[in-house]
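J.: mmCIF, C-alpha atoms, saved as my_file_6.cif, coming up:
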data_structure
#
loop_
_atom_site.group_PDB
_atom_site.id
_atom_site.type_symbol
_atom_site.label_atom_id
_atom_site.label_comp_id
_atom_site.auth_asym_id
_atom_site.auth_seq_id
_atom_site.Cartn_x
_atom_site.Cartn_y
_atom_site.Cartn_z
ATOM 1 C CA MET A 163 66.444 80.495 81.042
ATOM 2 C CA ASN A 164 67.194 82.052 84.425
ATOM 3 C CA SER A 165 65.580 79.079 86.162
ATOM 4 C CA ILE A 166 67.797 76.641 84.217
ATOM 5 C CA ILE A 167 70.918 78.591 85.226
ATOM 6 C CA LEU A 168 69.903 78.634 88.893
ATOM 7 C CA LEU A 169 69.199 74.871 88.846
ATOM 8 C CA ALA A 170 72.619 74.235 87.319
ATOM 9 C CA LEU A 171 74.317 75.990 90.214
ATOM 10 C CA THR A 172 75.272 74.067 93.305
ATOM 11 C CA GLU A 173 73.952 75.078 96.700
ATOM 12 C CA ASN A 174 77.324 76.588 97.539
ATOM 13 C CA ASP A 175 77.333 78.584 94.289
ATOM 14 C CA ARG A 176 73.859 79.943 94.970
ATOM 15 C CA ARG A 177 74.902 80.963 98.459
ATOM 16 C CA LEU A 178 77.978 82.745 97.131
ATOM 17 C CA LEU A 179 75.910 84.437 94.412
ATOM 18 C CA VAL A 180 73.515 85.832 97.021
ATOM 19 C CA ILE A 181 76.466 87.026 99.101
ATOM 20 C CA LEU A 182 77.988 88.680 96.030
ATOM 21 C CA ILE A 183 74.743 90.514 95.236
ATOM 22 C CA VAL A 184 74.413 91.696 98.830
ATOM 23 C CA LEU A 185 78.036 92.860 98.875
ATOM 24 C CA LEU A 186 77.553 94.797 95.629
ATOM 25 C CA LEU A 187 74.439 96.480 97.004
ATOM 26 C CA VAL A 188 76.266 97.400 100.200
ATOM 27 C CA LEU A 189 79.211 98.691 98.158
ATOM 28 C CA PHE A 190 76.991 100.900 95.992
ATOM 29 C CA LEU A 191 75.240 102.176 99.124
ATOM 30 C CA LEU A 192 78.558 102.997 100.801
ATOM 31 C CA ILE A 193 79.837 104.770 97.679
ATOM 32 C CA GLY A 194 76.624 106.804 97.488
ATOM 33 C CA LEU A 195 76.797 107.733 101.180
ATOM 34 C CA LEU A 196 80.480 108.619 100.863
ATOM 35 C CA GLY A 197 79.709 110.862 97.892
ATOM 36 C CA MET A 198 76.935 112.592 99.844
ATOM 37 C CA VAL A 199 79.215 113.120 102.842
ATOM 38 C CA VAL A 200 82.038 114.533 100.692
ATOM 39 C CA HIS A 201 79.576 116.833 98.891
ATOM 40 C CA ALA A 202 78.131 118.056 102.205
ATOM 41 C CA ILE A 203 81.616 118.664 103.652
ATOM 42 C CA MET A 204 82.771 120.578 100.572
ATOM 43 C CA HIS A 205 79.569 122.648 100.559
ATOM 44 C CA HIS A 206 80.132 123.533 104.222
ATOM 45 C CA GLN A 207 83.783 124.389 103.566
ATOM 46 C CA ALA A 208 82.904 126.503 100.528
ATOM 47 C CA GLU A 209 80.550 128.707 102.568
ATOM 48 C CA LYS A 210 83.649 130.293 104.124
ATOM 49 C CA MET A 211 84.348 131.957 100.773
ATOM 50 C CA ASP A 212 81.011 133.794 100.921
ATOM 51 C CA THR A 213 81.924 135.004 104.403
ATOM 52 C CA ILE A 214 85.355 136.377 103.514
ATOM 53 C CA MET A 215 84.235 137.969 100.221
ATOM 54 C CA SER A 216 80.795 139.262 101.183
ATOM 55 C CA ASP A 217 81.841 142.719 102.413
ATOM 56 C CA VAL A 218 84.147 143.563 99.497
ATOM 57 C CA ALA A 219 81.495 142.493 96.996
ATOM 58 C CA ARG A 220 78.603 144.346 98.666
ATOM 59 C CA THR A 221 80.619 147.562 99.112
ATOM 60 C CA HIS A 222 81.888 147.360 95.495
ATOM 61 C CA VAL A 223 85.530 147.252 96.536
ATOM 62 C CA VAL A 224 85.791 144.818 93.641
ATOM 63 C CA ASP A 225 83.644 145.471 90.572
ATOM 64 C CA SER A 226 84.641 142.860 88.044
ATOM 65 C CA PRO A 227 84.991 139.077 87.866
ATOM 66 C CA ARG A 228 88.760 139.420 87.424
ATOM 67 C CA GLN A 229 89.170 141.564 90.552
ATOM 68 C CA PHE A 230 86.869 139.273 92.506
ATOM 69 C CA LYS A 231 88.807 136.133 91.583
ATOM 70 C CA LYS A 232 92.170 137.791 92.213
ATOM 71 C CA LEU A 233 91.223 138.939 95.711
ATOM 72 C CA ALA A 234 89.403 135.673 96.482
ATOM 73 C CA PHE A 235 92.497 133.697 95.464
ATOM 74 C CA LYS A 236 94.686 135.753 97.817
ATOM 75 C CA LYS A 237 92.272 135.417 100.719
ATOM 76 C CA ASN A 238 91.892 131.694 100.045
ATOM 77 C CA ASN A 239 95.671 131.186 100.142
ATOM 78 C CA ARG A 240 96.000 133.162 103.356
ATOM 79 C CA LEU A 241 93.230 131.146 104.965
ATOM 80 C CA LEU A 242 94.907 127.890 103.905
ATOM 81 C CA TYR A 243 98.164 129.125 105.440
ATOM 82 C CA ARG A 244 96.487 129.949 108.766
ATOM 83 C CA GLN A 245 94.562 126.681 108.853
ATOM 84 C CA SER A 246 97.710 124.681 108.087
ATOM 85 C CA LEU A 247 99.752 126.032 110.992
ATOM 86 C CA ILE A 248 98.413 123.457 113.465
ATOM 87 C CA PRO A 249 98.930 120.406 111.183
ATOM 88 C CA PHE A 250 102.493 121.501 110.441
ATOM 89 C CA ALA A 251 103.098 122.103 114.145
ATOM 90 C CA LEU A 252 101.914 118.554 114.893
ATOM 91 C CA SER A 253 104.277 117.141 112.261
ATOM 92 C CA ALA A 254 107.132 119.217 113.691
ATOM 93 C CA LEU A 255 106.317 117.924 117.182
ATOM 94 C CA ALA A 256 106.347 114.336 115.903
ATOM 95 C CA LEU A 257 109.715 114.942 114.266
ATOM 96 C CA LEU A 258 111.162 116.350 117.490
ATOM 97 C CA ILE A 259 109.886 113.365 119.483
ATOM 98 C CA TRP A 260 111.477 111.024 116.938
ATOM 99 C CA ILE A 261 114.838 112.820 117.149
ATOM 100 C CA PHE A 262 114.952 112.845 120.958
ATOM 101 C CA ALA A 263 113.714 109.234 121.219
ATOM 102 C CA SER A 264 116.285 108.076 118.669
ATOM 103 C CA LEU A 265 119.031 109.871 120.556
ATOM 104 C CA ALA A 266 117.930 108.411 123.884
ATOM 105 C CA MET A 267 117.452 104.800 122.699
ATOM 106 C CA ASN A 268 119.865 104.777 119.744
ATOM 107 C CA SER A 269 117.042 103.534 117.480
ATOM 108 C CA TRP A 270 117.762 105.499 114.308
ATOM 109 C CA GLY A 271 117.094 102.526 112.044
ATOM 110 C CA GLU A 272 113.740 101.572 113.565
ATOM 111 C CA ASN A 273 110.699 101.607 111.274
ATOM 112 C CA ILE A 274 108.274 103.624 113.370
ATOM 113 C CA PHE A 275 105.362 102.900 111.015
ATOM 114 C CA ALA A 276 105.864 99.141 111.363
ATOM 115 C CA SER A 277 105.936 99.579 115.132
ATOM 116 C CA PHE A 278 102.698 101.573 115.033
ATOM 117 C CA HIS A 279 100.980 98.851 113.014
ATOM 118 C CA GLU A 280 101.573 96.449 115.898
ATOM 119 C CA LEU A 281 98.527 98.056 117.536
ATOM 120 C CA PHE A 282 96.167 96.654 114.886
ATOM 121 C CA PHE A 283 94.921 93.264 113.690
ATOM 122 C CA HIS A 284 96.761 91.701 110.757
ATOM 123 C CA PHE A 285 94.950 89.227 108.513
ATOM 124 C CA GLU A 286 96.171 86.342 106.413
ATOM 125 C CA TRP A 287 95.518 87.157 102.756
ATOM 126 C CA ASP A 288 97.557 84.317 101.262
ATOM 127 C CA ALA A 289 94.956 81.866 99.905
ATOM 128 C CA ALA A 290 97.584 79.087 99.916
ATOM 129 C CA ALA A 291 98.220 79.388 103.663
ATOM 130 C CA GLU A 292 97.828 76.320 105.864
ATOM 131 C CA VAL A 293 94.842 77.794 107.682
ATOM 132 C CA TYR A 294 92.749 77.711 104.485
ATOM 133 C CA LYS A 295 93.191 74.029 103.620
ATOM 134 C CA GLU A 296 89.822 73.037 105.124
ATOM 135 C CA ASP A 297 87.979 76.299 104.502
ATOM 136 C CA PRO A 298 89.328 78.114 101.406
ATOM 137 C CA LEU A 299 89.654 81.860 101.304
ATOM 138 C CA ILE A 300 89.038 82.227 97.556
ATOM 139 C CA VAL A 301 86.430 80.431 95.435
ATOM 140 C CA GLN A 302 85.558 80.604 91.742
ATOM 141 C CA VAL A 303 82.030 81.654 90.748
ATOM 142 C CA PHE A 304 81.372 82.030 87.009
ATOM 143 C CA GLY A 305 85.126 82.178 86.555
ATOM 144 C CA ILE A 306 85.435 85.099 88.989
ATOM 145 C CA SER A 307 87.626 84.818 92.081
ATOM 146 C CA LEU A 308 85.665 85.821 95.170
ATOM 147 C CA LEU A 309 86.287 85.863 98.894
ATOM 148 C CA ALA A 310 84.505 82.908 100.460
ATOM 149 C CA ARG A 311 85.097 83.918 104.067
ATOM 150 C CA PHE A 312 86.539 86.606 106.256
ATOM 151 C CA PRO A 313 90.355 86.322 106.359
ATOM 152 C CA ALA A 314 91.861 84.595 109.374
ATOM 153 C CA VAL A 315 93.709 86.679 111.952
ATOM 154 C CA LYS A 316 97.430 86.422 111.348
ATOM 155 C CA GLU A 317 98.618 88.615 114.223
ATOM 156 C CA ALA A 318 96.679 90.095 117.138
ATOM 157 C CA PRO A 319 97.363 93.648 118.366
ATOM 158 C CA GLN A 320 100.431 93.971 120.561
ATOM 159 C CA PHE A 321 101.708 96.743 122.789
ATOM 160 C CA HIS A 322 105.423 97.168 123.472
ATOM 161 C CA LEU A 323 106.358 99.862 125.945
ATOM 162 C CA GLU A 324 109.691 100.502 124.232
ATOM 163 C CA HIS A 325 107.767 101.431 121.060
ATOM 164 C CA LEU A 326 105.632 104.063 122.815
ATOM 165 C CA PRO A 327 107.492 107.012 121.221
ATOM 166 C CA ALA A 328 106.905 105.446 117.786
ATOM 167 C CA TYR A 329 103.192 105.088 118.533
ATOM 168 C CA ILE A 330 102.944 108.780 119.459
ATOM 169 C CA GLU A 331 105.055 109.949 116.524
ATOM 170 C CA VAL A 332 103.108 108.053 113.875
ATOM 171 C CA ALA A 333 99.759 109.019 115.398
ATOM 172 C CA LEU A 334 100.788 112.688 115.234
ATOM 173 C CA PHE A 335 101.984 112.274 111.653
ATOM 174 C CA TYR A 336 98.730 110.620 110.545
ATOM 175 C CA VAL A 337 96.552 113.227 112.282
ATOM 176 C CA SER A 338 98.533 116.129 110.813
ATOM 177 C CA TRP A 339 98.458 114.648 107.294
ATOM 178 C CA ALA A 340 94.709 113.996 107.455
ATOM 179 C CA TRP A 341 94.142 117.492 108.864
ATOM 180 C CA TYR A 342 96.200 119.099 106.105
ATOM 181 C CA ALA A 343 94.420 117.015 103.428
ATOM 182 C CA LEU A 344 91.089 118.282 104.782
ATOM 183 C CA ASN A 345 92.402 121.852 104.624
ATOM 184 C CA CYS A 346 93.427 121.327 101.000
ATOM 185 C CA GLN A 347 89.975 119.963 100.222
ATOM 186 C CA ALA A 348 88.495 123.095 101.802
ATOM 187 C CA TRP A 349 90.820 125.259 99.663
ATOM 188 C CA ILE A 350 89.583 123.516 96.517
ATOM 189 C CA ALA A 351 85.937 123.901 97.558
ATOM 190 C CA ARG A 352 86.416 127.626 98.196
ATOM 191 C CA PHE A 353 88.284 128.069 94.905
ATOM 192 C CA VAL A 354 85.470 126.409 92.957
ATOM 193 C CA LEU A 355 82.836 128.542 94.691
ATOM 194 C CA ALA A 356 84.826 131.740 94.124
ATOM 195 C CA THR A 357 85.060 130.977 90.407
ATOM 196 C CA SER A 358 81.315 130.351 90.303
ATOM 197 C CA ARG A 359 80.503 133.497 92.274
ATOM 198 C CA ALA A 360 82.704 135.635 90.014
ATOM 199 C CA LYS A 361 80.535 134.582 87.078
ATOM 200 C CA SER A 362 77.141 134.807 88.770
ATOM 201 C CA ILE A 363 77.582 138.064 90.736
ATOM 202 C CA TYR A 364 78.759 140.171 87.806
ATOM 203 C CA SER A 365 76.865 138.455 85.012
ATOM 204 C CA LYS A 366 74.567 140.496 82.810
ATOM 205 C CA SER A 367 71.455 138.761 81.561
ATOM 206 C CA LEU A 368 68.551 139.807 79.335
ATOM 207 C CA LYS A 369 66.433 136.876 80.431
ATOM 208 C CA ASP A 370 62.760 137.932 80.741
ATOM 209 C CA PHE A 371 63.656 141.433 79.512
ATOM 210 C CA LYS A 372 60.978 143.072 77.298
ATOM 211 C CA ALA A 373 62.098 146.245 75.539
ATOM 212 C CA GLU A 374 58.566 147.445 74.870
ATOM 213 C CA GLU A 375 57.640 147.078 78.543
ATOM 214 C CA ASP A 376 60.678 149.052 79.770
ATOM 215 C CA VAL A 377 60.500 151.913 77.276
ATOM 216 C CA LYS A 378 59.378 154.355 79.963
ATOM 217 C CA TYR A 379 62.671 153.818 81.777
ATOM 218 C CA THR A 380 64.763 154.596 78.670
ATOM 219 C CA PRO A 381 66.342 158.078 78.813
ATOM 220 C CA LYS A 382 65.883 160.455 75.884
ATOM 221 C CA ASN A 383 69.626 160.551 75.264
ATOM 222 C CA PRO A 384 70.908 157.182 76.410
ATOM 223 C CA ALA A 385 74.604 156.738 77.043
ATOM 224 C CA PRO A 386 76.556 154.807 74.399
ATOM 225 C CA PRO A 387 77.022 151.103 75.115
ATOM 226 C CA SER A 388 80.064 150.163 77.115
ATOM 227 C CA GLU A 389 82.804 147.980 75.689
ATOM 228 C CA ASP A 390 82.677 145.530 78.656
#
Could you rewrite the structure in this file as structure tokens?
T.:
Amino acid sequence: MNSIILLALTENDRRLLVILIVLLLVLFLLIGLLGMVVHAIMHHQAEKMDTIMSDVARTHVVDSPRQFKKLAFKKNNRLLYRQSLIPFALSALALLIWIFASLAMNSWGENIFASFHELFFHFEWDAAAEVYKEDPLIVQVFGISLLARFPAVKEAPQFHLEHLPAYIEVALFYVSWAWYALNCQAWIARFVLATSRAKSIYSKSLKDFKAEEDVKYTPKNPAPPSED
């Protein structure tokens, strides 16, 4: 059956099918690698929680899961605040540059993000464009629309000296936003670890406990069981 289907396909269809399979494999590989990287980053970020809570846990400053989580939450928030000072300072610097540049050049209505994007390649994604008449951008394989080629370059990168302040401003904005997003990810990783540690550190377990083996350690007048 598979052989009949392959014979029914044209050479171009078989080529596109192979490309599709390769692209799917590459996509799954990239998703897997991205997941591993994110997991490794979050694990590294979460280790900070062990550092900031180790002393209070070992010295019994906190003796219950509720106290542990409450203090860990405060310390986590304070750490996020300290780590976010630089990203916010970069955003404030970008805002100041924009204000002074707009005052100097009277460019209040300029789209600084559009100016920044001049530094990058722009591709033609319109399949009906003139450039795709001979070599189409989109083809149909099994009724599925697929890219048949890499999109043509619509605009090459350009540098305009008068847009230099916009380039700096947007770059600072992007860096500060990415930095702050990473700090928030670290906050989440530490919060998750703190919740887990609060359960594991103060948990009571009878796993592998044998009452008949530990009878010699039982006092003659044992204390009544606690209500915890």
J.: Quick one: everything within 12 Å of A:Phe250, counting only C-alpha atoms, minus sequence neighbours fewer than 2 positions away in the same chain. Send it as a ChimeraX atom specification.
T.: /A:242-248,252-257,334-343,345
J.: Mind telling me what the PyMOL selection byres ((chain A and resi 358) around 12) catches here, as a PyMOL selection string?
T.: chain A and resi 208+211-212+227+230-231+234+351-357+359-365
J.: What is the atom CA of A:Asn268 to atom CA of A:Leu323 distance in Å?
T.: 15.7 Å
J.: Evaluate the PyMOL selection byres ((chain A and resi 274) around 12) on the structure here and hand back the selected residues as a PDB file with C-alpha atoms, keeping the file's coordinate frame.
T.:
ATOM      1  CA  ALA A 256     106.347 114.336 115.903  1.00  0.00           C
ATOM      2  CA  LEU A 257     109.715 114.942 114.266  1.00  0.00           C
ATOM      3  CA  ILE A 259     109.886 113.365 119.483  1.00  0.00           C
ATOM      4  CA  TRP A 260     111.477 111.024 116.938  1.00  0.00           C
ATOM      5  CA  ILE A 261     114.838 112.820 117.149  1.00  0.00           C
ATOM      6  CA  ALA A 263     113.714 109.234 121.219  1.00  0.00           C
ATOM      7  CA  SER A 264     116.285 108.076 118.669  1.00  0.00           C
ATOM      8  CA  SER A 269     117.042 103.534 117.480  1.00  0.00           C
ATOM      9  CA  TRP A 270     117.762 105.499 114.308  1.00  0.00           C
ATOM     10  CA  GLY A 271     117.094 102.526 112.044  1.00  0.00           C
ATOM     11  CA  GLU A 272     113.740 101.572 113.565  1.00  0.00           C
ATOM     12  CA  ASN A 273     110.699 101.607 111.274  1.00  0.00           C
ATOM     13  CA  PHE A 275     105.362 102.900 111.015  1.00  0.00           C
ATOM     14  CA  ALA A 276     105.864  99.141 111.363  1.00  0.00           C
ATOM     15  CA  SER A 277     105.936  99.579 115.132  1.00  0.00           C
ATOM     16  CA  PHE A 278     102.698 101.573 115.033  1.00  0.00           C
ATOM     17  CA  HIS A 279     100.980  98.851 113.014  1.00  0.00           C
ATOM     18  CA  GLU A 280     101.573  96.449 115.898  1.00  0.00           C
ATOM     19  CA  LEU A 281      98.527  98.056 117.536  1.00  0.00           C
ATOM     20  CA  GLU A 324     109.691 100.502 124.232  1.00  0.00           C
ATOM     21  CA  HIS A 325     107.767 101.431 121.060  1.00  0.00           C
ATOM     22  CA  LEU A 326     105.632 104.063 122.815  1.00  0.00           C
ATOM     23  CA  PRO A 327     107.492 107.012 121.221  1.00  0.00           C
ATOM     24  CA  ALA A 328     106.905 105.446 117.786  1.00  0.00           C
ATOM     25  CA  TYR A 329     103.192 105.088 118.533  1.00  0.00           C
ATOM     26  CA  ILE A 330     102.944 108.780 119.459  1.00  0.00           C
ATOM     27  CA  GLU A 331     105.055 109.949 116.524  1.00  0.00           C
ATOM     28  CA  VAL A 332     103.108 108.053 113.875  1.00  0.00           C
ATOM     29  CA  ALA A 333      99.759 109.019 115.398  1.00  0.00           C
ATOM     30  CA  LEU A 334     100.788 112.688 115.234  1.00  0.00           C
ATOM     31  CA  PHE A 335     101.984 112.274 111.653  1.00  0.00           C
TER      32      PHE A 335
END
J.: Would you list the contacts of A:Val293 as a VMD selection string, taking every protein, DNA or RNA residue within 10 Å and counting only C-alpha atoms, but skipping same-chain residues closer than 4 positions in sequence?
T.: chain A and resid 286 288 to 289 297 to 299 313 to 316
J.: Any chance you could resolve the PyMOL selection byres ((chain A and resi 283) around 6) against this file and give the residues as a PyMOL selection string?
T.: chain A and resi 282+284+317-319
J.: I'd like to know which of A:Ile300, A:Ala251, A:Leu241, A:Ala310 is closest to A:Leu185, using only C-alpha atoms.
T.: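 Smallest separation from A:Leu185 among the options: A:Ala310.
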J.: Between atom CA of A:Asn239 and atom CA of A:Leu344, what is the distance, to one decimal in Å?
T.: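 A separation of 14.5 Å between them.
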J.: Nearest residue to A:Pro249 out of A:Ile203, A:Val218, A:Ala291, A:Cys346, using only C-alpha atoms?
T.: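 Of A:Ile203, A:Val218, A:Ala291, A:Cys346, the one nearest A:Pro249, counting only C-alpha atoms, is A:Cys346.
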J.: Which centre and which edge lengths, in Å to one decimal, describe the axis-aligned box that holds all listed atoms of stretch 180-185 of chain A after 8 Å is added on each side, as AutoDock Vina command-line options?
T.:
--center_x 75.8 --center_y 89.3 --center_z 97.2 --size_x 20.5 --size_y 23.0 --size_z 19.9
J.: Please indicate the distance in Å from atom CA of A:Ala202 to atom CA of A:Arg220, rounded to one decimal place.
T.: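 Interatomic distance, atom CA of A:Ala202 to atom CA of A:Arg220: 26.5 Å.
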J.: Tell me which of A:Leu368, A:Ile306, A:Ala219, A:Ile214 sits closest to A:Leu182, counting all atoms listed in the file.
T.: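 Selected residue with least distance to A:Leu182: A:Ile306.
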